file query_5.pdb (PDB, C-alpha atoms)
ATOM      1  CA  MET A   1     -69.702 144.910 -15.050
ATOM      2  CA  ASP A   2     -66.896 142.429 -15.669
ATOM      3  CA  THR A   3     -63.273 142.563 -14.479
ATOM      4  CA  ALA A   4     -61.974 143.918 -17.776
ATOM      5  CA  GLU A   5     -64.125 147.067 -17.432
ATOM      6  CA  ARG A   6     -62.853 148.069 -13.994
ATOM      7  CA  VAL A   7     -59.579 149.648 -13.022
ATOM      8  CA  LEU A   8     -57.282 147.389 -11.021
ATOM      9  CA  ALA A   9     -54.407 148.595  -8.849
ATOM     10  CA  TYR A  10     -51.476 149.952 -10.892
ATOM     11  CA  GLY A  11     -53.769 150.617 -13.859
ATOM     12  CA  GLY A  12     -55.590 153.701 -15.102
ATOM     13  CA  GLY A  13     -52.605 156.048 -14.989
ATOM     14  CA  TRP A  14     -53.604 159.649 -15.724
ATOM     15  CA  LEU A  15     -50.498 160.646 -17.665
ATOM     16  CA  ASP A  16     -50.320 161.238 -21.391
ATOM     17  CA  ARG A  17     -47.117 159.306 -22.109
ATOM     18  CA  ALA A  18     -46.430 161.649 -25.049
ATOM     19  CA  GLY A  19     -44.236 159.213 -26.931
ATOM     20  CA  PRO A  20     -43.310 161.569 -29.818
ATOM     21  CA  LEU A  21     -41.745 164.065 -27.379
ATOM     22  CA  ARG A  22     -39.186 161.504 -26.168
ATOM     23  CA  THR A  23     -37.268 161.567 -29.456
ATOM     24  CA  ASP A  24     -36.265 165.227 -29.075
ATOM     25  CA  PRO A  25     -33.493 165.515 -26.449
ATOM     26  CA  THR A  26     -33.520 169.322 -26.685
ATOM     27  CA  HIS A  27     -37.219 169.363 -25.819
ATOM     28  CA  MET A  28     -36.612 166.933 -22.960
ATOM     29  CA  ASP A  29     -33.899 169.174 -21.536
ATOM     30  CA  ALA A  30     -36.181 172.210 -21.837
ATOM     31  CA  LEU A  31     -39.029 170.441 -20.061
ATOM     32  CA  LEU A  32     -36.721 169.530 -17.176
ATOM     33  CA  THR A  33     -36.023 173.185 -16.504
ATOM     34  CA  GLU A  34     -39.662 174.355 -16.654
ATOM     35  CA  PRO A  35     -40.735 175.774 -13.257
ATOM     36  CA  SER A  36     -43.958 173.747 -13.354
ATOM     37  CA  THR A  37     -42.274 170.411 -14.086
ATOM     38  CA  VAL A  38     -42.825 167.715 -11.451
ATOM     39  CA  VAL A  39     -40.165 165.191 -10.444
ATOM     40  CA  LEU A  40     -41.023 162.008  -8.554
ATOM     41  CA  PRO A  41     -37.986 160.869  -6.557
ATOM     42  CA  MET A  42     -37.418 157.128  -6.058
ATOM     43  CA  TRP A  43     -34.881 155.178  -4.029
ATOM     44  CA  ARG A  44     -34.047 151.556  -4.859
ATOM     45  CA  ASP A  45     -37.513 150.740  -6.179
ATOM     46  CA  ARG A  46     -39.235 152.572  -3.342
ATOM     47  CA  CYS A  47     -41.231 155.790  -3.258
ATOM     48  CA  LEU A  48     -39.817 158.628  -1.207
ATOM     49  CA  VAL A  49     -42.696 159.801   0.958
ATOM     50  CA  ASP A  50     -43.675 162.390   3.526
ATOM     51  CA  GLY A  51     -46.747 162.527   5.743
ATOM     52  CA  ASP A  52     -49.028 163.112   2.755
ATOM     53  CA  GLY A  53     -47.743 160.279   0.573
ATOM     54  CA  PRO A  54     -45.279 160.140  -2.342
ATOM     55  CA  VAL A  55     -43.247 163.320  -2.717
ATOM     56  CA  ARG A  56     -43.795 165.455  -5.840
ATOM     57  CA  LEU A  57     -41.007 167.983  -6.359
ATOM     58  CA  THR A  58     -40.963 171.229  -8.300
ATOM     59  CA  ALA A  59     -38.618 174.177  -8.757
ATOM     60  CA  ASP A  60     -35.489 174.414  -6.555
ATOM     61  CA  ARG A  61     -35.678 171.077  -4.783
ATOM     62  CA  ALA A  62     -36.356 169.269  -8.059
ATOM     63  CA  SER A  63     -33.221 170.874  -9.496
ATOM     64  CA  LEU A  64     -31.173 169.607  -6.550
ATOM     65  CA  VAL A  65     -32.531 166.080  -6.967
ATOM     66  CA  ARG A  66     -31.845 166.082 -10.698
ATOM     67  CA  SER A  67     -28.189 166.862 -10.056
ATOM     68  CA  ALA A  68     -27.810 163.792  -7.838
ATOM     69  CA  ALA A  69     -29.950 161.347  -9.809
ATOM     70  CA  GLY A  70     -28.454 158.306 -11.460
ATOM     71  CA  GLU A  71     -31.184 158.377 -14.092
ATOM     72  CA  ILE A  72     -34.016 160.743 -14.921
ATOM     73  CA  VAL A  73     -36.877 159.433 -17.042
ATOM     74  CA  PHE A  74     -39.766 161.213 -18.686
ATOM     75  CA  LEU A  75     -43.077 159.686 -17.598
ATOM     76  CA  GLY A  76     -45.408 161.939 -19.554
ATOM     77  CA  LEU A  77     -47.644 164.973 -19.359
ATOM     78  CA  ASP A  78     -50.249 165.816 -16.742
ATOM     79  CA  GLY A  79     -52.148 168.320 -18.852
ATOM     80  CA  ASP A  80     -49.406 170.837 -19.723
ATOM     81  CA  VAL A  81     -47.141 169.774 -16.853
ATOM     82  CA  ALA A  82     -44.227 167.436 -17.569
ATOM     83  CA  VAL A  83     -43.676 164.623 -15.057
ATOM     84  CA  PHE A  84     -40.306 162.942 -14.610
ATOM     85  CA  ALA A  85     -38.937 160.339 -12.202
ATOM     86  CA  ALA A  86     -35.458 160.535 -10.674
ATOM     87  CA  ASP A  87     -33.461 157.630  -9.269
ATOM     88  CA  LEU A  88     -31.557 158.459  -6.064
ATOM     89  CA  SER A  89     -30.457 154.868  -5.443
ATOM     90  CA  ALA A  90     -26.760 155.783  -5.390
ATOM     91  CA  LEU A  91     -27.281 157.714  -2.146
ATOM     92  CA  PRO A  92     -27.845 156.281   1.334
ATOM     93  CA  GLU A  93     -31.549 156.168   2.119
ATOM     94  CA  ARG A  94     -31.353 158.956   4.694
ATOM     95  CA  SER A  95     -29.467 161.239   2.307
ATOM     96  CA  ALA A  96     -31.928 160.546  -0.492
ATOM     97  CA  ALA A  97     -34.876 161.280   1.806
ATOM     98  CA  GLU A  98     -33.365 164.526   3.088
ATOM     99  CA  MET A  99     -32.574 165.705  -0.420
ATOM    100  CA  ALA A 100     -36.129 165.036  -1.543
ATOM    101  CA  GLY A 101     -37.745 166.514   1.567
ATOM    102  CA  ALA A 102     -39.103 163.076   2.435
ATOM    103  CA  THR A 103     -39.247 161.186   5.705
ATOM    104  CA  ARG A 104     -38.544 157.680   4.389
ATOM    105  CA  ALA A 105     -38.757 155.272   1.465
ATOM    106  CA  LEU A 106     -41.722 152.887   1.094
ATOM    107  CA  ASP A 107     -42.667 150.223  -1.427
ATOM    108  CA  VAL A 108     -45.644 151.302  -3.516
ATOM    109  CA  ARG A 109     -47.443 148.143  -2.332
ATOM    110  CA  ALA A 110     -47.456 149.607   1.173
ATOM    111  CA  LEU A 111     -49.066 152.779  -0.178
ATOM    112  CA  VAL A 112     -51.528 151.470  -2.717
ATOM    113  CA  GLY A 113     -54.442 151.358  -0.290
ATOM    114  CA  ARG A 114     -54.045 155.092   0.359
ATOM    115  CA  LEU A 115     -53.610 156.161  -3.262
ATOM    116  CA  GLU A 116     -56.059 156.618  -6.088
ATOM    117  CA  PRO A 117     -55.530 153.861  -8.720
ATOM    118  CA  GLY A 118     -54.086 156.331 -11.221
ATOM    119  CA  ASP A 119     -51.601 157.711  -8.691
ATOM    120  CA  ALA A 120     -50.475 154.207  -7.748
ATOM    121  CA  ALA A 121     -50.108 153.444 -11.461
ATOM    122  CA  VAL A 122     -47.779 156.404 -12.001
ATOM    123  CA  GLN A 123     -45.624 155.494  -8.996
ATOM    124  CA  ALA A 124     -45.411 151.883 -10.176
ATOM    125  CA  TYR A 125     -44.596 153.063 -13.719
ATOM    126  CA  ALA A 126     -41.705 155.128 -12.361
ATOM    127  CA  ARG A 127     -40.511 152.216 -10.238
ATOM    128  CA  GLY A 128     -40.500 149.770 -13.134
ATOM    129  CA  LEU A 129     -38.751 152.070 -15.581
ATOM    130  CA  LEU A 130     -35.998 153.085 -13.161
ATOM    131  CA  HIS A 131     -35.492 149.454 -12.136
ATOM    132  CA  TRP A 132     -34.951 148.547 -15.795
ATOM    133  CA  HIS A 133     -32.278 151.244 -16.165
ATOM    134  CA  ARG A 134     -30.306 149.893 -13.210
ATOM    135  CA  GLN A 135     -30.443 146.389 -14.651
ATOM    136  CA  GLN A 136     -29.603 147.341 -18.256
ATOM    137  CA  ARG A 137     -26.297 149.152 -17.867
ATOM    138  CA  PHE A 138     -24.593 147.060 -20.521
ATOM    139  CA  CYS A 139     -25.451 145.530 -23.875
ATOM    140  CA  GLY A 140     -26.270 141.835 -23.635
ATOM    141  CA  THR A 141     -24.825 141.212 -27.109
ATOM    142  CA  CYS A 142     -21.350 142.758 -26.964
ATOM    143  CA  GLY A 143     -21.000 143.886 -23.333
ATOM    144  CA  ALA A 144     -20.404 147.564 -24.129
ATOM    145  CA  PRO A 145     -22.013 150.220 -21.913
ATOM    146  CA  ALA A 146     -25.597 151.116 -22.857
ATOM    147  CA  VAL A 147     -26.467 154.808 -22.912
ATOM    148  CA  ALA A 148     -29.916 156.109 -21.939
ATOM    149  CA  GLY A 149     -31.968 158.051 -24.471
ATOM    150  CA  GLY A 150     -35.502 158.546 -25.689
ATOM    151  CA  GLY A 151     -36.492 160.318 -22.493
ATOM    152  CA  GLY A 152     -35.461 157.236 -20.551
ATOM    153  CA  HIS A 153     -37.439 154.744 -22.637
ATOM    154  CA  LEU A 154     -34.453 153.473 -24.595
ATOM    155  CA  ARG A 155     -30.831 152.531 -24.089
ATOM    156  CA  THR A 156     -28.352 152.292 -26.941
ATOM    157  CA  CYS A 157     -25.281 150.108 -27.013
ATOM    158  CA  SER A 158     -22.183 152.276 -27.279
ATOM    159  CA  GLY A 159     -20.171 149.561 -29.032
ATOM    160  CA  GLY A 160     -19.206 150.941 -32.433
ATOM    161  CA  GLU A 161     -19.909 147.753 -34.368
ATOM    162  CA  CYS A 162     -23.044 146.858 -32.416
ATOM    163  CA  GLY A 163     -25.214 149.845 -31.567
ATOM    164  CA  ARG A 164     -28.081 147.639 -30.457
ATOM    165  CA  LEU A 165     -31.245 149.410 -29.292
ATOM    166  CA  LEU A 166     -32.483 148.172 -25.920
ATOM    167  CA  PHE A 167     -36.079 148.725 -24.811
ATOM    168  CA  PRO A 168     -37.874 147.973 -21.538
ATOM    169  CA  ARG A 169     -39.458 144.532 -21.583
ATOM    170  CA  ILE A 170     -42.465 143.190 -19.740
ATOM    171  CA  GLU A 171     -42.868 139.661 -18.413
ATOM    172  CA  PRO A 172     -46.408 138.362 -19.066
ATOM    173  CA  ALA A 173     -47.955 135.872 -16.670
ATOM    174  CA  ILE A 174     -51.361 134.230 -16.480
ATOM    175  CA  ILE A 175     -53.452 133.911 -13.331
ATOM    176  CA  VAL A 176     -56.462 131.635 -13.324
ATOM    177  CA  LEU A 177     -59.600 130.936 -11.342
ATOM    178  CA  VAL A 178     -60.393 127.282 -12.107
ATOM    179  CA  GLU A 179     -63.978 126.139 -11.549
ATOM    180  CA  ALA A 180     -65.081 122.577 -10.818
ATOM    181  CA  PRO A 181     -66.815 120.725 -13.658
ATOM    182  CA  ARG A 182     -70.039 120.002 -11.780
ATOM    183  CA  SER A 183     -72.179 121.134  -8.855
ATOM    184  CA  PRO A 184     -71.781 122.329  -6.218
ATOM    185  CA  GLY A 185     -69.919 125.367  -7.504
ATOM    186  CA  ARG A 186     -66.310 125.259  -6.386
ATOM    187  CA  CYS A 187     -63.034 126.941  -7.302
ATOM    188  CA  LEU A 188     -59.515 125.549  -7.066
ATOM    189  CA  LEU A 189     -57.047 127.299  -4.760
ATOM    190  CA  ALA A 190     -53.525 126.222  -3.904
ATOM    191  CA  ARG A 191     -50.867 126.780  -1.276
ATOM    192  CA  HIS A 192     -47.633 127.824  -2.917
ATOM    193  CA  ALA A 193     -44.139 126.892  -1.766
ATOM    194  CA  GLY A 194     -43.061 129.270   0.997
ATOM    195  CA  ALA A 195     -46.624 130.296   1.846
ATOM    196  CA  PRO A 196     -47.872 129.968   5.437
ATOM    197  CA  GLU A 197     -50.108 127.101   6.438
ATOM    198  CA  ASP A 198     -53.679 127.536   5.214
ATOM    199  CA  ALA A 199     -52.694 130.390   2.858
ATOM    200  CA  PHE A 200     -54.457 129.590  -0.412
ATOM    201  CA  SER A 201     -54.598 131.581  -3.637
ATOM    202  CA  THR A 202     -55.360 131.187  -7.315
ATOM    203  CA  LEU A 203     -52.900 129.497  -9.671
ATOM    204  CA  ALA A 204     -50.528 131.472 -11.870
ATOM    205  CA  GLY A 205     -47.449 131.126 -14.036
ATOM    206  CA  PHE A 206     -45.280 132.849 -16.604
ATOM    207  CA  VAL A 207     -45.994 132.692 -20.325
ATOM    208  CA  GLU A 208     -43.255 130.834 -22.198
ATOM    209  CA  VAL A 209     -41.777 131.544 -25.625
ATOM    210  CA  GLY A 210     -43.911 130.232 -28.459
ATOM    211  CA  GLU A 211     -47.237 129.912 -26.634
ATOM    212  CA  SER A 212     -50.410 131.949 -26.495
ATOM    213  CA  LEU A 213     -51.905 133.151 -23.242
ATOM    214  CA  GLU A 214     -54.519 130.393 -23.451
ATOM    215  CA  ASP A 215     -51.784 127.812 -24.100
ATOM    216  CA  ALA A 216     -50.007 129.048 -20.956
ATOM    217  CA  VAL A 217     -53.208 128.602 -18.917
ATOM    218  CA  ARG A 218     -53.616 125.007 -20.036
ATOM    219  CA  ARG A 219     -49.930 124.135 -19.559
ATOM    220  CA  GLU A 220     -49.560 125.732 -16.130
ATOM    221  CA  MET A 221     -52.720 124.138 -14.745
ATOM    222  CA  ALA A 222     -51.583 120.724 -15.988
ATOM    223  CA  GLU A 223     -47.975 121.089 -14.793
ATOM    224  CA  GLU A 224     -48.621 122.523 -11.347
ATOM    225  CA  ALA A 225     -51.922 120.964 -10.334
ATOM    226  CA  GLY A 226     -52.442 118.072 -12.740
ATOM    227  CA  VAL A 227     -55.682 119.661 -13.936
ATOM    228  CA  THR A 228     -56.905 119.695 -17.527
ATOM    229  CA  VAL A 229     -59.029 122.770 -18.256
ATOM    230  CA  THR A 230     -61.429 123.909 -20.948
ATOM    231  CA  ASP A 231     -63.478 127.064 -21.594
ATOM    232  CA  VAL A 232     -60.517 129.356 -21.008
ATOM    233  CA  THR A 233     -62.014 132.850 -20.801
ATOM    234  CA  TYR A 234     -60.232 136.193 -20.486
ATOM    235  CA  GLN A 235     -61.248 138.254 -17.429
ATOM    236  CA  GLY A 236     -58.901 141.227 -17.404
ATOM    237  CA  SER A 237     -55.279 142.282 -17.051
ATOM    238  CA  GLN A 238     -53.159 144.167 -14.581
ATOM    239  CA  ALA A 239     -49.840 145.937 -14.720
ATOM    240  CA  TRP A 240     -47.671 144.279 -12.078
ATOM    241  CA  PRO A 241     -44.400 146.228 -12.059
ATOM    242  CA  PHE A 242     -42.485 144.079  -9.566
ATOM    243  CA  PRO A 243     -40.359 144.641 -11.506
ATOM    244  CA  ALA A 244     -41.945 144.345 -14.962
ATOM    245  CA  GLY A 245     -44.916 141.994 -15.000
ATOM    246  CA  LEU A 246     -48.229 141.934 -16.780
ATOM    247  CA  MET A 247     -50.788 139.724 -15.042
ATOM    248  CA  VAL A 248     -53.484 138.406 -17.394
ATOM    249  CA  GLY A 249     -56.515 136.972 -15.622
ATOM    250  CA  PHE A 250     -58.576 134.043 -16.855
ATOM    251  CA  ARG A 251     -61.357 131.778 -15.733
ATOM    252  CA  ALA A 252     -61.367 128.125 -16.826
ATOM    253  CA  THR A 253     -63.293 124.929 -16.119
ATOM    254  CA  ALA A 254     -61.625 121.696 -15.045
ATOM    255  CA  THR A 255     -62.576 118.464 -16.817
ATOM    256  CA  SER A 256     -62.221 116.472 -13.578
ATOM    257  CA  ASP A 257     -62.192 116.980  -9.812
ATOM    258  CA  GLU A 258     -58.844 115.190  -9.571
ATOM    259  CA  VAL A 259     -55.894 117.329  -8.438
ATOM    260  CA  ARG A 260     -52.201 116.333  -8.386
ATOM    261  CA  VAL A 261     -49.867 119.113  -7.234
ATOM    262  CA  ASP A 262     -46.262 119.143  -8.424
ATOM    263  CA  GLY A 263     -44.849 119.357  -4.881
ATOM    264  CA  GLU A 264     -42.413 122.064  -5.951
ATOM    265  CA  GLU A 265     -44.284 125.244  -6.842
ATOM    266  CA  LEU A 266     -47.516 124.027  -5.227
ATOM    267  CA  LEU A 267     -47.589 122.142  -1.944
ATOM    268  CA  GLU A 268     -51.321 121.453  -1.845
ATOM    269  CA  ALA A 269     -54.490 122.361  -3.704
ATOM    270  CA  ARG A 270     -58.165 121.878  -2.935
ATOM    271  CA  TRP A 271     -61.629 122.873  -4.052
ATOM    272  CA  PHE A 272     -63.516 125.567  -2.128
ATOM    273  CA  THR A 273     -67.225 126.274  -2.198
ATOM    274  CA  ARG A 274     -68.509 129.831  -2.055
ATOM    275  CA  ASP A 275     -69.695 129.295   1.505
ATOM    276  CA  GLU A 276     -66.221 128.120   2.543
ATOM    277  CA  LEU A 277     -64.620 131.200   1.045
ATOM    278  CA  ARG A 278     -67.137 133.468   2.740
ATOM    279  CA  GLU A 279     -66.323 131.788   6.049
ATOM    280  CA  ARG A 280     -62.635 132.435   5.473
ATOM    281  CA  VAL A 281     -63.314 136.102   4.802
ATOM    282  CA  ALA A 282     -65.503 136.338   7.907
ATOM    283  CA  SER A 283     -62.677 134.875   9.997
ATOM    284  CA  GLY A 284     -60.278 137.569   8.807
ATOM    285  CA  ARG A 285     -58.422 135.698   6.091
ATOM    286  CA  SER A 286     -58.009 137.642   2.866
ATOM    287  CA  LEU A 287     -58.787 136.528  -0.663
ATOM    288  CA  GLY A 288     -55.304 137.130  -2.074
ATOM    289  CA  ARG A 289     -53.510 140.479  -2.062
ATOM    290  CA  VAL A 290     -55.967 143.358  -2.114
ATOM    291  CA  ASP A 291     -53.911 145.081  -4.822
ATOM    292  CA  ALA A 292     -53.706 141.997  -7.061
ATOM    293  CA  ILE A 293     -55.988 140.702  -9.782
ATOM    294  CA  ASP A 294     -56.507 137.359  -7.992
ATOM    295  CA  HIS A 295     -58.460 139.242  -5.319
ATOM    296  CA  ARG A 296     -60.767 140.591  -8.032
ATOM    297  CA  LEU A 297     -61.130 137.171  -9.677
ATOM    298  CA  LEU A 298     -62.222 135.647  -6.372
ATOM    299  CA  GLU A 299     -64.549 138.526  -5.484
ATOM    300  CA  ASP A 300     -66.239 138.233  -8.869
ATOM    301  CA  TRP A 301     -66.644 134.476  -8.501
ATOM    302  CA  LEU A 302     -68.192 134.888  -5.059
ATOM    303  CA  ALA A 303     -70.570 137.500  -6.430
ATOM    304  CA  GLY A 304     -71.520 135.314  -9.385
ATOM    305  CA  VAL A 305     -70.020 137.753 -11.930
ATOM    306  CA  SER A 306     -69.161 135.980 -15.162
TER     307      SER A 306
END

call {"tool": "encode", "arguments": {"input": "query_5.pdb", "output": "structure tokens"}}
result
Amino acid sequence: MDTAERVLAYGGGWLDRAGPLRTDPTHMDALLTEPSTVVLPMWRDRCLVDGDGPVRLTADRASLVRSAAGEIVFLGLDGDVAVFAADLSALPERSAAEMAGATRALDVRALVGRLEPGDAAVQAYARGLLHWHRQQRFCGTCGAPAVAGGGGHLRTCSGGECGRLLFPRIEPAIIVLVEAPRSPGRCLLARHAGAPEDAFSTLAGFVEVGESLEDAVRREMAEEAGVTVTDVTYQGSQAWPFPAGLMVGFRATATSDEVRVDGEELLEARWFTRDELRERVASGRSLGRVDAIDHRLLEDWLAGVS
């Protein structure tokens, strides 16, 4: 089974996003008052949690949270149950936690190991959408206030002569496992600026305007590591809502063993054999973040998965 067929962290969300329902504000208002409706409270990009994990509110407490929320967004339907997210960022953390019946606020990355992939995906979805609302208060064209609509999936410029529609945007990035051109089998890992000594990971970079994903792979590998690559092959993708990324994984083959790091984004880069990586794992060093696609790319390479 290849990477594209398996669910990565922050993917596989179980909600029906029910896009057509968002256009009916009366229906949205009615769903908010349904006794069965669930509200996921968030505070400044963090999940409000209790001893069992992220808090899910219904009935009276959900009504209290809704009254204090800066924004409420419709996430979708869990069967017949509507699921919303509420942003309590305007409150102090303790007040937000008390109102939600939570004990504290935690980043979803601190919870992902304890959550099913679909549950982590929904929490990350809520985080990303509410983050966008806080950052898109005004129209970037005319500067007028932007008003939320569409169940929280749209903001509209209130400027009379503008009226621009503003939608959440994602920021695509590529992440690449580069293989050596000849035996023995080796992959290229690099130490990024700000990383601890001996902390190596795969290479990545943002996609620029006017280039394909494959173009971005070739450009980033050349710019950061001085490596020309061929055989660029898609491996899978991952939602990375920190705040609004999409990580697209590739494998590629270098045309030469020569490496020249840029000294800015990458401080050093070197080739690792499979045995060297296994030794690193055995000594307690991780292969990237366990919730990130680079971990899967490296695991697959070690296992000989193509």

call {"tool": "residues_around", "arguments": {"input": "query_5.pdb", "residues": "Phe206 in chain A", "least_positions_apart": "2", "cutoff": "9 Å", "atoms": "all atoms listed in the file", "output": "PyMOL selection string"}}
result
chain A and resi 171-175+204+208+216+220+247

call {"tool": "resolve_selection", "arguments": {"input": "query_5.pdb", "expression": "the PyMOL selection byres ((chain A and resi 89) around 8)", "output": "list in words"}}
result
Met42, Trp43, Arg44, Ala69, Gly70, Asp87, Leu88, Ala90, Leu91, Pro92, Glu93 and Ala96 of chain A

call {"tool": "resolve_selection", "arguments": {"input": "query_5.pdb", "expression": "the PyMOL selection byres ((chain A and resi 108-124) around 10)", "output": "count of residues only"}}
result
43

call {"tool": "axis_aligned_box", "arguments": {"input": "query_5.pdb", "around": "range 111-120 of chain A", "padding_each_side": "6 Å", "output": "JSON"}}
result
{"center_x": -52.6, "center_y": 154.5, "center_z": -5.4, "size_x": 19.0, "size_y": 18.4, "size_z": 23.6}

call {"tool": "closest_residue", "arguments": {"input": "query_5.pdb", "among": "A:Glu268, A:Glu34, A:Asp29, A:Asp257", "to": "Ile72 in chain A", "atoms": "all atoms listed in the file"}}
result
A:Asp29

call {"tool": "resolve_selection", "arguments": {"input": "query_5.pdb", "expression": "the PyMOL selection byres ((chain A and resi 226) around 6)", "output": "list in words"}}
result
Ala222, Glu223, Ala225, Val227, Val259 and Arg260 of chain A

call {"tool": "residues_near_point", "arguments": {"input": "query_5.pdb", "point": "(-29.1, 169.0, -6.8)", "cutoff": "12 Å", "atoms": "only C-alpha atoms", "output": "number ranges by chain"}}
result
A: 57, 59-70, 86, 88, 95-96, 98-100

call {"tool": "residues_around", "arguments": {"input": "query_5.pdb", "residues": "Ala254 in chain A", "least_positions_apart": "3", "cutoff": "6 Å", "atoms": "all atoms listed in the file", "output": "ChimeraX atom specification"}}
result
/A:180-181,228-229

call {"tool": "closest_residue", "arguments": {"input": "query_5.pdb", "among": "A:Asp50, A:Asp294, A:Asp231, A:Asp262", "to": "Val248 in chain A", "atoms": "only C-alpha atoms"}}
result
A:Asp294

call {"tool": "atom_distance", "arguments": {"input": "query_5.pdb", "atom1": "CA of Thr202 in chain A", "atom2": "CA of Arg296 in chain A"}}
result
10.9 Å

call {"tool": "atom_distance", "arguments": {"input": "query_5.pdb", "atom1": "CA of His27 in chain A", "atom2": "CA of Arg56 in chain A"}}
result
21.4 Å

call {"tool": "atom_distance", "arguments": {"input": "query_5.pdb", "atom1": "CA of Gly101 in chain A", "atom2": "CA of Val55 in chain A"}}
result
7.7 Å

call {"tool": "closest_residue", "arguments": {"input": "query_5.pdb", "among": "A:Leu267, A:Val178, A:Phe84, A:Glu71", "to": "His131 in chain A", "atoms": "all atoms listed in the file"}}
result
A:Glu71

call {"tool": "residues_around", "arguments": {"input": "query_5.pdb", "residues": "Ala144 in chain A", "least_positions_apart": "4", "cutoff": "10 Å", "atoms": "all atoms listed in the file", "output": "ChimeraX atom specification"}}
result
/A:137-140,156-160,162-164

call {"tool": "residues_around", "arguments": {"input": "query_5.pdb", "residues": "Val281 in chain A", "least_positions_apart": "4", "cutoff": "12 Å", "atoms": "all atoms listed in the file", "output": "list of chain:residue names"}}
result
A:Arg274, A:Asp275, A:Glu276, A:Leu277, A:Arg285, A:Ser286, A:Leu287, A:Gly288, A:His295, A:Leu298, A:Glu299, A:Leu302

call {"tool": "closest_residue", "arguments": {"input": "query_5.pdb", "among": "A:Leu246, A:Ala282, A:Ala30, A:Val73", "to": "Gly205 in chain A", "atoms": "all atoms listed in the file"}}
result
A:Leu246

call {"tool": "residues_near_point", "arguments": {"input": "query_5.pdb", "point": "(-62.2, 118.6, -4.5)", "cutoff": "9 Å", "atoms": "only C-alpha atoms", "output": "PyMOL selection string"}}
result
chain A and resi 180+186-188+257-259+269-272

call {"tool": "closest_residue", "arguments": {"input": "query_5.pdb", "among": "A:Thr58, A:Thr26, A:Thr33, A:Thr273", "to": "Gly185 in chain A", "atoms": "only C-alpha atoms"}}
result
A:Thr273

call {"tool": "decode", "arguments": {"input": "query_5.pdb", "residues": "range 63-67 of chain A", "atoms": "all heavy atoms", "output": "mmCIF file, in the first residue's frame"}}
result
data_model
loop_
_atom_site.group_PDB
_atom_site.id
_atom_site.type_symbol
_atom_site.label_atom_id
_atom_site.label_comp_id
_atom_site.auth_asym_id
_atom_site.auth_seq_id
_atom_site.Cartn_x
_atom_site.Cartn_y
_atom_site.Cartn_z
ATOM 1 N N SER A 63 -24.948 26.978 24.248
ATOM 2 C CA SER A 63 -25.624 28.261 24.094
ATOM 3 C C SER A 63 -24.841 29.373 24.763
ATOM 4 O O SER A 63 -24.701 30.479 24.223
ATOM 5 C CB SER A 63 -27.036 28.173 24.697
ATOM 6 O OG SER A 63 -27.676 29.431 24.634
ATOM 7 N N LEU A 64 -24.276 29.113 25.924
ATOM 8 C CA LEU A 64 -23.473 30.106 26.634
ATOM 9 C C LEU A 64 -22.219 30.457 25.836
ATOM 10 O O LEU A 64 -21.866 31.631 25.702
ATOM 11 C CB LEU A 64 -23.075 29.550 28.014
ATOM 12 C CG LEU A 64 -22.221 30.453 28.908
ATOM 13 C CD1 LEU A 64 -22.983 31.717 29.272
ATOM 14 C CD2 LEU A 64 -21.794 29.696 30.162
ATOM 15 N N VAL A 65 -21.564 29.447 25.281
ATOM 16 C CA VAL A 65 -20.362 29.679 24.488
ATOM 17 C C VAL A 65 -20.685 30.485 23.232
ATOM 18 O O VAL A 65 -19.945 31.392 22.849
ATOM 19 C CB VAL A 65 -19.699 28.333 24.135
ATOM 20 C CG1 VAL A 65 -18.662 28.502 23.023
ATOM 21 C CG2 VAL A 65 -19.047 27.725 25.373
ATOM 22 N N ARG A 66 -21.788 30.152 22.587
ATOM 23 C CA ARG A 66 -22.154 30.871 21.365
ATOM 24 C C ARG A 66 -22.325 32.358 21.625
ATOM 25 O O ARG A 66 -21.968 33.195 20.802
ATOM 26 C CB ARG A 66 -23.449 30.288 20.774
ATOM 27 C CG ARG A 66 -23.307 28.888 20.228
ATOM 28 C CD ARG A 66 -24.463 28.540 19.288
ATOM 29 N NE ARG A 66 -25.765 28.635 19.942
ATOM 30 C CZ ARG A 66 -26.391 27.605 20.517
ATOM 31 N NH1 ARG A 66 -25.801 26.420 20.537
ATOM 32 N NH2 ARG A 66 -27.575 27.753 21.060
ATOM 33 N N SER A 67 -22.838 32.700 22.792
ATOM 34 C CA SER A 67 -23.081 34.115 23.098
ATOM 35 C C SER A 67 -21.791 34.890 23.284
ATOM 36 O O SER A 67 -21.771 36.117 23.134
ATOM 37 C CB SER A 67 -23.942 34.231 24.360
ATOM 38 O OG SER A 67 -23.223 33.773 25.505
#
